[in-house]
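Colleague: Structure provided below as C-alpha cells; questions to follow.
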Amino acid sequence: MGPLTTILIVVPFAGAALVAIAPLRSYWLGSLAALVSLLEVGLWITAVGKFDFGAPGLQFSQQTTWIPDLNVSYHVGMYAFSLWLVGMTVVVMAACVIYGWWVDRARARAYFSLMLVLTGSIVGVFTAQDMLLFYAFFEAMLIPLYILIGVWGGPLRLRATITFVVYTVVGSLLMLAAIVAYGLQEGTFDLTTIHQSSSTWIFLGFVIAFVIKAPIFPFHGWLAITYRESPPEVSGILSGVVAKVGLYGLLRIAIPKFPGPVHDWRVVLLILASFSLVYGSLLAFRARDFRGVVLYSSLAQSGLIVIGLLANNDLGFDGAVLQMVNHGLISASLFLIAAMVERRCSTGEFRLLGGMARGRPALATVVMVTGIIALAVPLSTAFAGEFLILAGVFQQGWGWAVVGAVGIVLAAMYMLRAISGVLHQDVGPAVPESALDLRVGELAVVVPLILCLVGLSAWPNLISGHAFGGNQAKAAIVQGMP
Amino acid sequence: MHGPDIQWYVVLAALLFATGALGVMLRRSPLIILLSVEIMLNAANLLLIAFSRLHGREDGQVFAISVMAVAASEVVVGLGMIVALGRRNVELDVDKLRTLRG
Amino acid sequence: MNAATWICLLLPLASTLAITAGGTKLSRRATGWISTVTTFGSFAAACVCFGILLSEDSSQRTHVTTSWTWLSAGQYKFGLSLLTDQLSVMMMLIVAGVSGLIIAYSLGYMDGEDEERRFFAYMSLFVFSMLLLVQSANLLLLLGGWGMVGLSSYLLIGFYQERESAVAAAKKAFVMNAIGDATFALALFLLVQQTGTLDFPQAFGAAPLGGPLANLIALGLLGGALAKSAQLPLHTWLPDAMEGPTPVSALIHAATMVTAGVYLIVRCHILFENAHIVRDLAAGLGTATLLMAGLVALVQVDIKRVIAYSTMSQIGYMFLAAGLGAYANAMFHLMTHAFFKALLFLAAGLVIHALTGEQDIRRLQGVGKLMPRTRAGFLIGSLALVGIFPFAGFFSKDEILASALASGWYGHILYVVGMIGAFLTGLYAFRLVFIVFTGEPSPFAREHYHAHHGKEGPYSMLVVVFVLSVLSTVAGFLQWEPLWGLVSKWLDPIAPPLVVPTSRDDWISSLVGLLMGLAGIAVAWAMYSAARVEVPKPWTILERKFYFDELYDVVFYRTSDLLARSLGALVERPLIGGSLSLLGEGFSSGARELGRAQTGLVRSYALALAGGLVVLFVVFLVVK
C-alpha cells in the first residue's frame, strides 16, 4: 500500500487546482472544497484500517530519487504517530473548510484553493522522510498561511502578517541551514537512514526553528497578534495543526537524531517549557477576550507537550503524541467557537459578554463541553495526555511534575473564567437579544470535533497505545527512529 | 593543435575585457556602454572557446553559445529601452538618469 | 455479576446522554422521570451485586471486570476496570440509593424551574461519576471519577448561572478541588514510578513500606481527600457551595461526594498504614475541622450553611476514625450520615420550597407550626445528628469516639476534642430546631408560606423525607459494637481495623457522648427556646469563619493575579510590541543608511564592480 501516503498528499493539491479553475459560483466552489476535504478524511480512515500498529518503522512508504548527486529523494511514509497527526490535520482542516464555506468567505476561489494547498502541504510535512522534502513542504505550508492571514484577517492583518512572516522566515532559514549542514555532514538527507549526530549547533538550529513554530517562550512574539488577527478558522489551524508541525519536528528530527545534545540541553529546554506552561496559563488567566484565553493556553499546552517529549520515556512520548492530537482538536474547536461568539456579538471581550447560556442550549453545551475537556477534567482525553506526560516527566525529576500540577490548577482557573465570561451571569452589553443559538451549519462543524474528543476520552489508548510501533516509544527514539 | 599558443588568446581577451570595462566606466552614452558590455562578453567568450579547444572538450563552446544568446537578449532589451528613452526626448546621458538613487 | 456492575455504572450515563440528545423533544417531566428511573435501576443493579456477594464465601468476594485498556504507554497499562467487593458494593448501595431518593425528591422541588432538563442531566452525570469513583478498580480511574464528581458539583453549584454568587461559588469549588486533584495526581505519579501500576492490590502490595516516599504518596492522596471532603485547610468551598439547589446540597455536599475522601482513605488504607505520620495528620485535621466547623456553625444564619458546617464537622469525625484505622466505623458513620444529613437538607428544602426560597433562619422563625410533618422529619434528623439513642448517629458516632479512646495518648486528645464537638453538635443542631421549628411563626413566615395543594409539599418530596426519616431511625441498629457488628464484619476482609475498642471503651463513649449531646441540646433550649440564658454576642472571628476566605484570597487569587499582570506588563508586552518595533526600526534605519550607497550613477556601479573584481583577484592570488 505504498501510494496511499502520496495519494493523501496529492488529493488536496489536485482539489486546489480543480477549485482554482472550475467554472462554478462561490457557493459551489466551497462545496467542492468541502467534498475534497471530506474525501481526504475518508482516505485517512482507509489508511488507519490498513495500518499495522504492531510493526515498528515506516509504513505506506514510497521512495523515488529526486536529486541523485545530493542523495535527495522523494521519500514519504508514515509512522504510527504521523498517522494520528495526519488524521488530526485532515479532520481539523475539513472542519475549517466547511466553516469557511458556511460563513461564505469572500474571494471563494482563492480562499478554498489556498485552504486545500495548506492541507496538502501539512500532510506532506507530517509524512516527508527526506529533510529537503520536509523543508519544501514546510515552506509550502507557510505561503498559503501568509496570504490567508493577510487577505482575510482582521483590521490589523498587515501587521500580523509581517510579524508572522518575520518570525517564521527566521525559523525557516535556521532550519534550512541546519538541514544543509546535517545533510552534507552525513552525506544524505534521508531521515530513515541518516546517522545520529552530536553537533550542538545543528541541533540548536533545528530546535529554535521548531520552538518558534510550537511556540515556546521566549519565541512566541508572533503568537498574540497572529492568532487575534487571523480569520478564526485559520487561527484554529495555526494553533491546532501548524503548531504541531514544530512539535512533530522535535519528535521526528531534533530528539531522535541528536541524543547527545538533547541530553546536554534537556534541563534548559525543560526550564523553558515549564516556564511557557506557567507563563501561558497566567496570561490566559488575565486575557481580556476569549481568543486571548485560547491563544495563551496554546502556549501553555505547547510547553506541556515539550515537557512530555523531553521526559525521555514511554510515558512522556506517548503522552506527548496523545496531547498533540488532543490539543489540535481542542484548539480548533475553541477558535471556531470564538468565531461563532464573535459573529453574534462582534467582539470577544469578556467585559462585553456574558449570559449567553440562557435560551441558547446548543451554544451553552458546546462551549461547556469543549471548555471542560480543554481544562483537562479527569477522565477526559486531555487529562489522559497530561497524566502520561507528567507521570513521565516525574521520573525525570519531581520538580517538573510539580510545575505541571500547578499548570493543571491554573488551567482550571482560566478556562472556568472564560466559560463563565461567555455563558454565565448577567447578559453582557454586546450580546444582542436576537443573537441566535448555534445554527445547524455551525453545529455540523464543531460537533464532529467534539465527538472526536469525547470518543477519545472513552478510549485515549487508541492513540497513546498505538503511537509507536509495538508501543515501544523509547526504544524507537533511542535508535534514532529508523 | 593548430594556431597560436593559449597565452595569446588570454592576452587578447584581457585587452578586450579591459577596453570594455573602461568603456563602461568612462563613457556616458548608454549606447556606448551597451557596446562595451558586449565587448566584455566577447572577451569572455574568446577565453571559453580557447580553453575549450585546449582541453579538447565542448563544455566551453556550449557556454559560449549560451553567453551569446544572453548577450543577444540583453541587446534587445537594452536597445529597446534606449530607443524608448530617445522617443521621449530624454537626454541620453547615464549620469542624468539617476532616479533610482537611494 | 459483571453485567450488573456495568449496568449499575452506565445507566445514569445513558440517562445524561439521552437527556442531552433529546433536548427540547423531551418534556421537562419526562427528563425527571428518566433520571429517577435510571438511578433506581442502578440501585437495583447494586442490590443484585450485593445479593451475589452475600451468597459467596467472604474470602471470594472480590471481582474485577475490565472492558478495555483505557490508557497505556510502554509497559504501563491502565484498564477501564471495575471492582466489586464488600467496600464498593456498600458505597454503590449508599450512592445509588440516596441519589435515587434525592432525584425523586427533585421531581417536586425543581418542578416549574426553567431548566429542569439541564438539572436532571447534571444529576445523572453526577451519579455516574460517583459510581465510577467507588467502582473503579485502579487509582487512575478513581481519579477520573474523582474529577468528574468535582465537575458535576461545579455544574450543579452554578446551576443558577445568572446569579453571580452561584457562579463564583462554583468556580471556587472547582479550583479548590483542582488543587486536591493535583496533589492526588502527584501521589499517583510517585506510585507509578515506584510500582509501575495503579491497580489496587498490585500497587498497594508493591508500594514503599515506609519512609519519606510512603509518606509523600499518602500525603498527596490526603490532599485530594481533604479538598474533596472539605476538611481543613481546603474547606472554604463547601459553605459557598450552598448556592446550588437544595437537592444538590443534600446529594453532593452532604450525602455522597464530600464523603469520597473517607472512601479514598479506607480504600487505600494500606498506603496510609505505611505512612503513620500522614495517618495521624489525617486524624488530627479531621478533629480540627470538626471543632472549627462546630464553632462556626453556631453563628451562621443561613439554614443551609449551618447544615453545611455540620457536614464538615461530621466528616471530620469520619476522618478521625479513618486516620486512626477504625475503617468500618468511618464507613458506618458515612452511611448513617448520608441518611440523616440528606434528611436534614431535604426537610430544610421543604421549608425553603414553601417559603419562596428564603434561607435566613431569622425570617423562617417558627415555621414548624405551619409544617408539622417537616418538623418531625427535621427533628429526627437532628436527633440522629446529635447522636441520641435510638437514632442512627448514636451508634455510629460513639463508636468512632470509642476507637479514639482506645488509641493511646494521641487518641485521648482527639477523644476530648471529639466530645467537645459532640456538645457543639447538640448546640448548633437544636439552635436550628428551636429557632425554626418551635414557637410562634414570624410575620414573614405567615405571609409567605404557601401550601402545596393543602400539603406541605408535593408527594414526591414528602415521601422521600419520610423514607429518610425511617432510615435515620433504624439504620443504626445494623451495628451496636458491644453486642453485634454487621458492618465491621462485612468490611473486615477489605480493611481490617487497626484499633479495636474494648466494650468498656464503647460503653464509656456511648454514655459520655449521649450526655454531651443532651447538654448541648439543653443549652440550646435555654438560649433559644426558653430564653433563660442570654445568647452571647457572636465573636467576629466566628462570623468571619476564621478568616480563611480572606487568607486564600490574598495568598492565591491576588498573588496569581498580580503575577499575571506583572508578567503581562513586564515581559509579554515588551516582547511582542517591543521585539517587533525594535526589529522594524532597526531594519528601516539600516536601510536608510545603506540607501546612500545607491547613487544612481551607473558608472560608479561599474567602478564598484571592477573594484570588487580586483579585490577578489588579489584575494585569490594571496590565498592561493
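Going by the C-alpha cells order, chains are called A, B, ..., each with residues numbered from 1, while ligands are numbered from 1 in the order shown.
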I need the alpha helix (DSSP H) residues of segment 130-165 of chain C per DSSP on the backbone, written as a list in words.
Modeller: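 Put together, the selection reads Met130, Leu131, Leu132, Leu133, Val134, Gln135, Leu139, Leu140, Leu141, Leu142, Leu143, Gly144, Gly145, Trp146, Gly147, Met148, Val149, Gly150, Leu151, Ser152, Ser153, Tyr154, Leu155, Leu156, Ile157, Glu164 and Ser165 of chain C.
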Colleague: So that I can check the surroundings of Gly517 of chain C, please list as a count of residues only every protein, DNA and RNA residue that reaches within 8 Å of it, counting only C-alpha atoms and ignoring chain neighbours fewer than 6 positions away.
Modeller: 9
Colleague: Contacts from chain C to chain A, 6 Å maximum, only C-alpha atoms: show me the residue list as an mmCIF file with C-alpha atoms, in the first residue's frame.
Modeller:
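Final file, iface_36.cif:
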```
data_model
loop_
_atom_site.group_PDB
_atom_site.id
_atom_site.type_symbol
_atom_site.label_atom_id
_atom_site.label_comp_id
_atom_site.auth_asym_id
_atom_site.auth_seq_id
_atom_site.Cartn_x
_atom_site.Cartn_y
_atom_site.Cartn_z
ATOM 1 C CA TRP C 70 -8.085 2.835 28.819
ATOM 2 C CA LEU C 71 -4.580 4.199 28.663
ATOM 3 C CA SER C 72 -1.210 2.658 28.121
ATOM 4 C CA ALA C 73 2.364 3.645 27.419
ATOM 5 C CA GLY C 74 5.144 1.158 27.018
ATOM 6 C CA GLY C 144 -11.228 10.081 36.831
ATOM 7 C CA GLY C 147 -12.536 14.767 38.898
ATOM 8 C CA GLN C 161 -25.979 30.570 36.238
ATOM 9 C CA GLU C 162 -27.162 34.134 36.049
ATOM 10 C CA ARG C 163 -26.575 34.563 39.782
ATOM 11 C CA GLU C 164 -23.092 35.949 40.241
ATOM 12 C CA ALA C 178 -8.387 21.024 41.275
ATOM 13 C CA ILE C 179 -5.725 21.690 43.899
ATOM 14 C CA ALA C 182 -3.226 17.959 41.527
ATOM 15 C CA PHE C 189 2.984 9.737 39.642
ATOM 16 C CA ALA C 564 -0.126 37.542 35.732
ATOM 17 C CA LEU C 575 8.377 41.018 23.872
ATOM 18 C CA ILE C 576 5.528 41.322 21.434
#
```
Colleague: Per residue of chain B within 9 Å of chain C, note the shortest atom pair and the distance in Å to one decimal, counting only C-alpha atoms, and order the rows by chain and increasing residue number, as CSV.
Modeller:
```
residue,atom,partner,partner_atom,distance
B:Ala21,CA,C:Ala610,CA,7.6
B:Val24,CA,C:Arg603,CA,6.6
B:Met25,CA,C:Arg603,CA,4.9
B:Leu26,CA,C:Arg603,CA,7.1
B:Arg27,CA,C:Arg603,CA,8.1
B:Arg28,CA,C:Arg603,CA,7.9
B:Val94,CA,C:Val602,CA,6.4
B:Asp95,CA,C:Leu601,CA,5.4
B:Lys96,CA,C:Leu601,CA,7.9
B:Leu97,CA,C:Gly600,CA,7.4
B:Arg98,CA,C:Gly600,CA,4.3
B:Thr99,CA,C:Gly600,CA,6.5
B:Leu100,CA,C:Gly600,CA,5.2
B:Arg101,CA,C:Gly600,CA,4.0
B:Gly102,CA,C:Gly595,CA,4.3
```
Colleague: Can you work out which one of A:Thr226, A:Thr89, A:Gln129, A:Ser37 has the shortest atom-to-atom distance to Leu158 of chain A, counting only C-alpha atoms?
Modeller: A:Thr226
Colleague: List the neighbours of Ser469 of chain C out to 9 Å using only C-alpha atoms; skip same-chain residues closer than 4 positions along the sequence, and give me the result as a short mmCIF file (atom, residue, chain, number, x, y, z; two decimals) with N, CA and C atoms, in the first residue's frame.
Modeller:
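Saved to selection_31.cif:
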```cif
data_model
loop_
_atom_site.label_atom_id
_atom_site.label_comp_id
_atom_site.auth_asym_id
_atom_site.auth_seq_id
_atom_site.Cartn_x
_atom_site.Cartn_y
_atom_site.Cartn_z
N PHE C 339 -27.79 9.25 55.40
CA PHE C 339 -29.24 9.25 55.61
C PHE C 339 -29.69 10.50 56.35
N PHE C 340 -29.08 10.74 57.51
CA PHE C 340 -29.67 11.83 58.31
C PHE C 340 -29.31 13.20 57.78
N LEU C 343 -31.61 13.83 55.02
CA LEU C 343 -32.91 14.14 55.61
C LEU C 343 -32.96 15.60 56.06
N ALA C 376 -41.30 17.14 62.09
CA ALA C 376 -40.98 15.80 62.61
C ALA C 376 -39.73 15.25 61.92
N GLY C 377 -39.69 15.41 60.61
CA GLY C 377 -38.53 14.90 59.86
C GLY C 377 -37.26 15.58 60.31
N PHE C 378 -37.30 16.90 60.42
CA PHE C 378 -36.10 17.65 60.79
C PHE C 378 -35.65 17.27 62.20
N ILE C 380 -36.13 14.38 63.71
CA ILE C 380 -35.50 13.06 63.66
C ILE C 380 -34.07 13.20 63.16
N GLY C 381 -33.91 14.00 62.07
CA GLY C 381 -32.57 14.19 61.51
C GLY C 381 -31.64 14.80 62.55
N VAL C 464 -40.14 11.01 50.15
CA VAL C 464 -38.70 10.84 50.31
C VAL C 464 -38.27 11.21 51.72
N VAL C 465 -38.81 12.32 52.23
CA VAL C 465 -38.44 12.74 53.58
C VAL C 465 -38.88 11.67 54.58
N THR C 473 -33.74 6.50 61.53
CA THR C 473 -34.10 5.93 62.83
C THR C 473 -33.56 4.52 62.99
N VAL C 474 -33.68 3.72 61.93
CA VAL C 474 -33.37 2.30 62.12
C VAL C 474 -31.97 1.89 61.66
#
```
Colleague: Here is a test: counting only C-alpha atoms, which residue of C:Asp553, C:Phe272, C:Gly411, C:Val436 is nearest to Asp302 of chain C?
Modeller: C:Val436
Colleague: Just the number, please: distance in Å from atom CA of Gly421 of chain A to atom CA of Glu115 of chain C, one decimal.
Modeller: 19.9 Å
Colleague: Please indicate the distance in Å from atom CA of Ser382 of chain C to atom CA of Ser106 of chain C, rounded to one decimal place.
Modeller: 21.9 Å
Colleague: Using only C-alpha atoms, pick whichever of B:Leu54, B:Gly23, B:Ala43, B:Met81 has the shortest atom-to-atom distance to Gly3 of chain B.
Modeller: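 Among the listed residues, B:Leu54 lies closest to Gly3 of chain B.
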